[in-house]
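Structure below is work_17.tsv: TSV, C-alpha atoms.
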chain	number	residue	atom	x	y	z
A	1	MET	CA	-55.01	18.42	-85.24
A	2	ILE	CA	-55.32	15.59	-82.70
A	3	ARG	CA	-56.42	16.29	-79.18
A	4	LEU	CA	-56.39	13.86	-76.32
A	5	SER	CA	-59.47	13.38	-74.21
A	6	GLN	CA	-60.23	16.16	-71.77
A	7	VAL	CA	-62.96	14.25	-69.99
A	8	GLY	CA	-60.89	12.53	-67.31
A	9	PRO	CA	-57.42	12.05	-65.92
A	10	ALA	CA	-54.77	9.72	-67.26
A	11	SER	CA	-55.98	6.79	-65.18
A	12	SER	CA	-59.11	5.38	-63.55
A	13	LEU	CA	-59.15	8.18	-60.95
A	14	ALA	CA	-61.89	10.80	-61.14
A	15	LEU	CA	-60.65	14.30	-61.88
A	16	VAL	CA	-60.85	16.53	-58.78
A	17	GLU	CA	-61.71	19.88	-60.34
A	18	ASN	CA	-61.85	21.80	-57.05
A	19	SER	CA	-58.32	20.87	-56.03
A	20	PRO	CA	-55.84	23.79	-55.81
A	21	LEU	CA	-53.38	21.63	-57.75
A	22	ARG	CA	-55.76	21.24	-60.69
A	23	LYS	CA	-54.52	24.47	-62.29
A	24	ALA	CA	-50.85	23.86	-61.51
A	25	ASP	CA	-48.49	23.20	-64.41
A	26	PRO	CA	-48.29	19.43	-64.99
A	27	ARG	CA	-44.48	19.68	-65.12
A	28	ALA	CA	-44.44	21.13	-61.61
A	29	LYS	CA	-46.75	18.38	-60.36
A	30	LEU	CA	-44.61	15.77	-62.08
A	31	ALA	CA	-41.50	17.15	-60.37
A	32	LEU	CA	-43.33	17.15	-57.04
A	33	CYS	CA	-44.38	13.53	-57.43
A	34	LEU	CA	-40.96	12.37	-58.61
A	35	GLY	CA	-39.34	14.14	-55.68
A	36	ALA	CA	-41.82	12.58	-53.26
A	37	SER	CA	-41.10	9.16	-54.77
A	38	LEU	CA	-37.43	9.53	-53.80
A	39	THR	CA	-38.39	9.58	-50.14
A	40	VAL	CA	-39.15	5.84	-50.20
A	41	MET	CA	-35.38	5.42	-49.73
A	42	LEU	CA	-35.48	7.21	-46.38
A	43	PRO	CA	-35.18	5.31	-43.09
A	44	LEU	CA	-38.45	4.55	-41.35
A	45	GLU	CA	-38.35	7.50	-38.89
A	46	ARG	CA	-37.89	10.13	-41.61
A	47	LEU	CA	-40.26	8.33	-43.94
A	48	VAL	CA	-43.05	8.49	-41.35
A	49	PHE	CA	-42.29	12.17	-40.75
A	50	PHE	CA	-42.53	12.90	-44.48
A	51	MET	CA	-45.76	10.89	-44.79
A	52	LEU	CA	-47.40	13.03	-42.12
A	53	GLY	CA	-46.50	16.14	-44.09
A	54	TYR	CA	-47.70	14.53	-47.31
A	55	VAL	CA	-51.05	13.69	-45.72
A	56	ALA	CA	-51.37	17.37	-44.80
A	57	LEU	CA	-50.61	18.28	-48.43
A	58	LEU	CA	-53.28	15.88	-49.67
A	59	ALA	CA	-55.79	17.33	-47.22
A	60	TRP	CA	-54.99	20.88	-48.39
A	61	ALA	CA	-55.32	19.79	-52.02
A	62	ARG	CA	-58.69	18.10	-51.30
A	63	LEU	CA	-57.25	14.76	-52.40
A	64	LEU	CA	-57.25	12.90	-49.09
A	65	ARG	CA	-60.40	10.94	-49.91
A	66	VAL	CA	-59.09	9.96	-53.34
A	67	ALA	CA	-55.78	8.79	-51.86
A	68	GLY	CA	-57.64	6.89	-49.15
A	69	LYS	CA	-59.62	5.00	-51.78
A	70	GLN	CA	-56.44	4.03	-53.62
A	71	VAL	CA	-54.88	2.73	-50.42
A	72	TRP	CA	-58.06	0.82	-49.59
A	73	ARG	CA	-57.92	-0.91	-52.98
A	74	LEU	CA	-54.49	-2.24	-52.00
A	75	LYS	CA	-55.60	-3.45	-48.57
A	76	TRP	CA	-55.15	-7.17	-49.21
A	77	VAL	CA	-51.78	-6.63	-50.86
A	78	LEU	CA	-50.63	-4.50	-47.92
A	79	ILE	CA	-51.87	-7.03	-45.37
A	80	ALA	CA	-50.20	-9.94	-47.17
A	81	LEU	CA	-46.88	-8.11	-47.55
A	82	PHE	CA	-46.94	-6.96	-43.94
A	83	ALA	CA	-47.56	-10.46	-42.62
A	84	LEU	CA	-44.98	-12.06	-44.92
A	85	ASP	CA	-42.24	-9.51	-44.20
A	86	TRP	CA	-42.91	-9.60	-40.46
A	87	TRP	CA	-42.68	-13.40	-40.48
A	88	LEU	CA	-39.56	-13.66	-42.67
A	89	ILE	CA	-37.58	-10.52	-41.74
A	90	GLY	CA	-38.99	-8.45	-38.91
A	91	LEU	CA	-41.58	-5.94	-37.80
A	92	GLU	CA	-39.61	-2.80	-38.72
A	93	HIS	CA	-39.00	-4.01	-42.26
A	94	ALA	CA	-42.67	-4.92	-42.66
A	95	VAL	CA	-43.80	-1.49	-41.51
A	96	THR	CA	-41.29	0.19	-43.86
A	97	ILE	CA	-42.46	-1.75	-46.92
A	98	VAL	CA	-46.13	-1.04	-46.21
A	99	ALA	CA	-45.42	2.66	-45.56
A	100	ARG	CA	-43.59	2.93	-48.89
A	101	LEU	CA	-46.48	1.40	-50.81
A	102	ILE	CA	-49.00	3.66	-49.07
A	103	LEU	CA	-46.88	6.69	-49.96
A	104	LEU	CA	-46.62	5.66	-53.61
A	105	ALA	CA	-50.39	5.22	-53.75
A	106	GLY	CA	-50.78	8.76	-52.40
A	107	ILE	CA	-48.34	10.10	-54.98
A	108	PHE	CA	-50.23	8.34	-57.75
A	109	SER	CA	-53.46	9.90	-56.51
A	110	LEU	CA	-52.04	13.43	-56.33
A	111	PHE	CA	-50.86	13.50	-59.92
A	112	PHE	CA	-53.48	11.51	-61.77
A	113	ALA	CA	-56.47	12.97	-59.92
A	114	THR	CA	-55.45	16.48	-61.01
A	115	THR	CA	-53.99	15.87	-64.48
A	116	THR	CA	-55.67	14.85	-67.73
A	117	THR	CA	-54.12	12.66	-70.39
A	118	ARG	CA	-53.74	15.68	-72.66
A	119	GLU	CA	-51.85	17.62	-69.99
A	120	LEU	CA	-49.57	14.68	-69.23
A	121	SER	CA	-48.64	14.21	-72.89
A	122	LEU	CA	-48.07	17.91	-73.41
A	123	ALA	CA	-45.88	18.11	-70.32
A	124	LEU	CA	-43.78	15.19	-71.56
A	125	GLU	CA	-43.39	16.89	-74.94
A	126	ARG	CA	-42.22	20.12	-73.30
A	127	LEU	CA	-39.70	18.10	-71.30
A	128	GLY	CA	-38.14	16.82	-74.52
A	129	VAL	CA	-39.97	13.52	-75.04
A	130	PRO	CA	-40.83	13.03	-78.75
A	131	HIS	CA	-44.53	13.64	-79.25
A	132	ARG	CA	-45.05	10.13	-80.69
A	133	TYR	CA	-43.88	8.53	-77.44
A	134	ALA	CA	-45.56	11.15	-75.26
A	135	PHE	CA	-48.88	10.47	-76.94
A	136	SER	CA	-48.46	6.69	-76.69
A	137	LEU	CA	-47.60	6.97	-73.00
A	138	GLY	CA	-50.65	9.12	-72.40
A	139	VAL	CA	-52.88	6.59	-74.13
A	140	ALA	CA	-51.30	3.81	-72.08
A	141	PHE	CA	-52.10	5.59	-68.82
A	142	GLN	CA	-55.60	6.35	-70.01
A	143	SER	CA	-56.09	2.67	-70.79
A	144	ILE	CA	-55.39	1.76	-67.14
A	145	GLY	CA	-58.89	2.95	-66.35
A	146	LEU	CA	-60.29	0.69	-69.07
A	147	LEU	CA	-58.63	-2.41	-67.64
A	148	GLY	CA	-61.11	-2.73	-64.77
A	149	ASP	CA	-64.05	-2.26	-67.14
A	150	GLU	CA	-62.74	-4.95	-69.47
A	151	TRP	CA	-62.16	-7.30	-66.53
A	152	ARG	CA	-65.73	-6.87	-65.30
A	153	THR	CA	-67.13	-7.29	-68.82
A	154	ILE	CA	-65.32	-10.60	-69.28
A	155	LEU	CA	-66.35	-11.77	-65.81
A	156	GLU	CA	-70.03	-11.01	-66.43
A	157	ALA	CA	-69.91	-12.69	-69.84
A	158	GLN	CA	-68.36	-15.86	-68.42
A	159	ARG	CA	-70.81	-15.95	-65.53
A	160	ALA	CA	-73.72	-15.57	-67.94
A	161	ARG	CA	-72.44	-18.61	-69.86
A	162	GLY	CA	-71.84	-20.61	-66.67
A	163	ALA	CA	-68.10	-20.81	-67.41
A	164	TRP	CA	-67.02	-19.13	-64.18
A	165	GLN	CA	-68.39	-19.68	-60.70
A	166	PRO	CA	-67.13	-18.20	-57.41
A	167	PRO	CA	-64.86	-20.77	-55.71
A	168	LYS	CA	-65.99	-22.41	-52.49
A	169	GLY	CA	-64.56	-24.59	-49.77
A	170	LEU	CA	-60.94	-25.07	-48.72
A	171	ARG	CA	-59.61	-24.46	-52.22
A	172	LYS	CA	-61.19	-21.01	-52.39
A	173	LEU	CA	-57.88	-19.11	-52.27
A	174	ILE	CA	-56.07	-21.24	-54.87
A	175	GLU	CA	-59.04	-21.33	-57.23
A	176	GLY	CA	-59.57	-17.60	-56.74
A	177	ILE	CA	-56.00	-16.85	-57.85
A	178	ARG	CA	-56.35	-19.17	-60.84
A	179	ASP	CA	-59.62	-17.62	-61.96
A	180	TRP	CA	-58.27	-14.09	-61.38
A	181	VAL	CA	-55.37	-14.82	-63.74
A	182	SER	CA	-57.67	-16.37	-66.34
A	183	LEU	CA	-59.76	-13.18	-66.35
A	184	THR	CA	-56.93	-10.67	-66.16
A	185	VAL	CA	-54.90	-11.94	-69.13
A	186	PRO	CA	-57.68	-11.44	-71.73
A	187	ALA	CA	-58.59	-8.10	-70.12
A	188	ILE	CA	-55.00	-6.88	-70.58
A	189	VAL	CA	-54.97	-8.12	-74.18
A	190	MET	CA	-58.23	-6.34	-75.02
A	191	THR	CA	-57.12	-3.12	-73.34
A	192	THR	CA	-53.78	-3.20	-75.17
A	193	LYS	CA	-55.52	-3.73	-78.52
A	194	ARG	CA	-57.80	-0.77	-77.84
A	195	ALA	CA	-54.85	1.48	-76.91
A	196	TRP	CA	-52.99	0.38	-80.05
A	197	ALA	CA	-56.05	1.12	-82.20
A	198	ILE	CA	-56.28	4.64	-80.75
A	199	THR	CA	-52.59	5.24	-81.44
A	200	GLU	CA	-52.82	3.96	-85.01
A	201	ALA	CA	-55.87	6.15	-85.66
A	202	ALA	CA	-53.96	9.19	-84.44
A	203	TYR	CA	-50.98	8.42	-86.67
A	204	ALA	CA	-53.31	7.90	-89.66
A	205	ARG	CA	-54.58	11.46	-89.12
A	206	GLY	CA	-51.08	12.90	-89.30
A	207	PHE	CA	-50.32	13.15	-85.60
A	208	ASP	CA	-46.68	12.25	-86.23
A	209	SER	CA	-46.28	14.89	-88.93
A	210	PRO	CA	-42.97	16.82	-88.64
A	211	ASN	CA	-44.95	20.07	-89.05
A	212	ARG	CA	-47.18	19.40	-86.07
A	213	ARG	CA	-47.49	22.27	-83.57
A	214	PRO	CA	-48.67	22.09	-79.94
A	215	TYR	CA	-52.32	23.01	-79.52
A	216	HIS	CA	-51.68	24.51	-76.10
A	217	ARG	CA	-48.67	26.14	-74.47
A	218	LEU	CA	-47.57	25.64	-70.90
A	219	SER	CA	-46.15	28.39	-68.75
A	220	PHE	CA	-44.98	28.43	-65.15
A	221	SER	CA	-46.84	30.66	-62.72
A	222	LEU	CA	-45.66	31.91	-59.34
A	223	PHE	CA	-47.55	29.03	-57.72
A	224	ASP	CA	-45.64	26.51	-59.83
A	225	TRP	CA	-42.28	28.00	-58.84
A	226	VAL	CA	-43.30	27.92	-55.17
A	227	LEU	CA	-44.30	24.27	-55.60
A	228	LEU	CA	-40.93	23.42	-57.13
A	229	ALA	CA	-38.99	25.36	-54.51
A	230	GLY	CA	-40.92	23.68	-51.70
A	231	THR	CA	-40.23	20.26	-53.18
A	232	VAL	CA	-36.49	20.92	-53.42
A	233	LEU	CA	-36.35	22.39	-49.92
A	234	VAL	CA	-38.13	19.42	-48.34
A	235	LEU	CA	-35.84	16.96	-50.14
A	236	ILE	CA	-32.73	18.81	-48.97
A	237	VAL	CA	-33.95	18.79	-45.38
A	238	LEU	CA	-34.86	15.10	-45.42
A	239	PHE	CA	-31.76	13.80	-47.18
A	240	PHE	CA	-28.95	16.14	-46.13
A	241	LEU	CA	-29.85	17.63	-42.74
Structure re-expressed in structure tokens:
Amino acid sequence: MIRLSQVGPASSLALVENSPLRKADPRAKLALCLGASLTVMLPLERLVFFMLGYVALLAWARLLRVAGKQVWRLKWVLIALFALDWWLIGLEHAVTIVARLILLAGIFSLFFATTTTRELSLALERLGVPHRYAFSLGVAFQSIGLLGDEWRTILEAQRARGAWQPPKGLRKLIEGIRDWVSLTVPAIVMTTKRAWAITEAAYARGFDSPNRRPYHRLSFSLFDWVLLAGTVLVLIVLFFL
């Protein structure tokens, strides 16, 4: 019987064990995050109103710091998009695009900081996704956290050999982009190969057997139903009222 790792979440985020959402059913959290993702289509006024409520939810779930770190990682992307959109289109459009990206980063944090790879795969199976694809998707998300490690390993190896030096002078930006691409491509290849090796090892141990049975069963609690009902209610208010 194959079990996915229980050590961490399905990404590079650290698992927040003291969050009230940690014990929620992953299907309920997935529905909450998918519903929250729909709000990126709202006009700016309603989007900002929803984001304030979502920040309150993150604070209650003890995930505000985690979400803040994810947004901070995107700071240069957000600044560049804001400046470009403001210059080409207008201020309101620039603010809307940045607000949408910040919201998506918060949604990413809520789910993956409270859900392990095993829970994600099991939830997908219970939702009707074949276990072969659910497992592969879980491994793919888990490999996201390995991408940064691979990138740093390649960078340190190239620096040790004198093959990569930090760019200087007026060409710093262009050379930085070039070197970033040259490091990222092999990191993605190595991470993909590792994820494929994990998947093949699982299949070799009979993971895709037709007689396979789930090692854990999910069941909705009252808290999960309240979470779903609250999600639906908020979406109805924002989109139809």
Which of these, A:Cys33, A:Pro26, A:Leu52, A:Val234, has the shortest distance to Thr116 in chain A once you count only C-alpha atoms?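 The closest residue to Thr116 in chain A is A:Pro26.
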Can you tell me how far CA of Ser37 in chain A sits from CA of Leu104 in chain A, in Å to one decimal?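 Going from CA of Ser37 in chain A over to CA of Leu104 in chain A covers 6.6 Å.
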What gap, in Å, lies between CA of Ala36 in chain A and CA of Ile102 in chain A?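 Atom-to-atom, CA of Ala36 in chain A and CA of Ile102 in chain A are spaced 12.2 Å apart.
Note that CA of Leu58 in chain A and CA of Glu119 in chain A are 20.4 Å apart.
Minimum atom-to-atom distances from A:Leu15, A:Val71, A:Ala123, A:Leu32 to Leu233 in chain A were compared using all atoms listed in the file, and the lowest value belongs to A:Leu32.
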All residues 10 Å or closer to Asn18 in chain A, only C-alpha atoms, same chain fewer than 3 positions away omitted, as a list in words: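 Final neighbour list, sorted by chain and number: Leu15, Leu21, Arg22, Lys23, Ala61, Arg62, Leu63 and Thr114 of chain A.
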Measuring between only C-alpha atoms, which one of A:Val55, A:Leu137, A:Ala28, A:Leu101 shows the shortest distance to Val40 in chain A?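 Of A:Val55, A:Leu137, A:Ala28, A:Leu101, the one nearest Val40 in chain A, counting only C-alpha atoms, is A:Leu101.
Among the candidates A:Ala56, A:Leu110, A:Leu155, A:Leu44, the one nearest to Ile97 in chain A when counting all atoms listed in the file is A:Leu44.
For Ser109 in chain A, the residues within 8 Å (counting all atoms listed in the file, excluding itself and residues fewer than 2 positions away along the chain) are Leu13, Leu63, Val66, Ala67, Gln70, Ala105, Gly106, Ile107, Phe111, Phe112 and Ala113 of chain A.
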Among listed residues A:Tyr133, A:Phe82, A:Phe220, A:Trp225, nearest Arg100 in chain A (using only C-alpha atoms):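 Closest to Arg100 in chain A, using only C-alpha atoms: A:Phe82.
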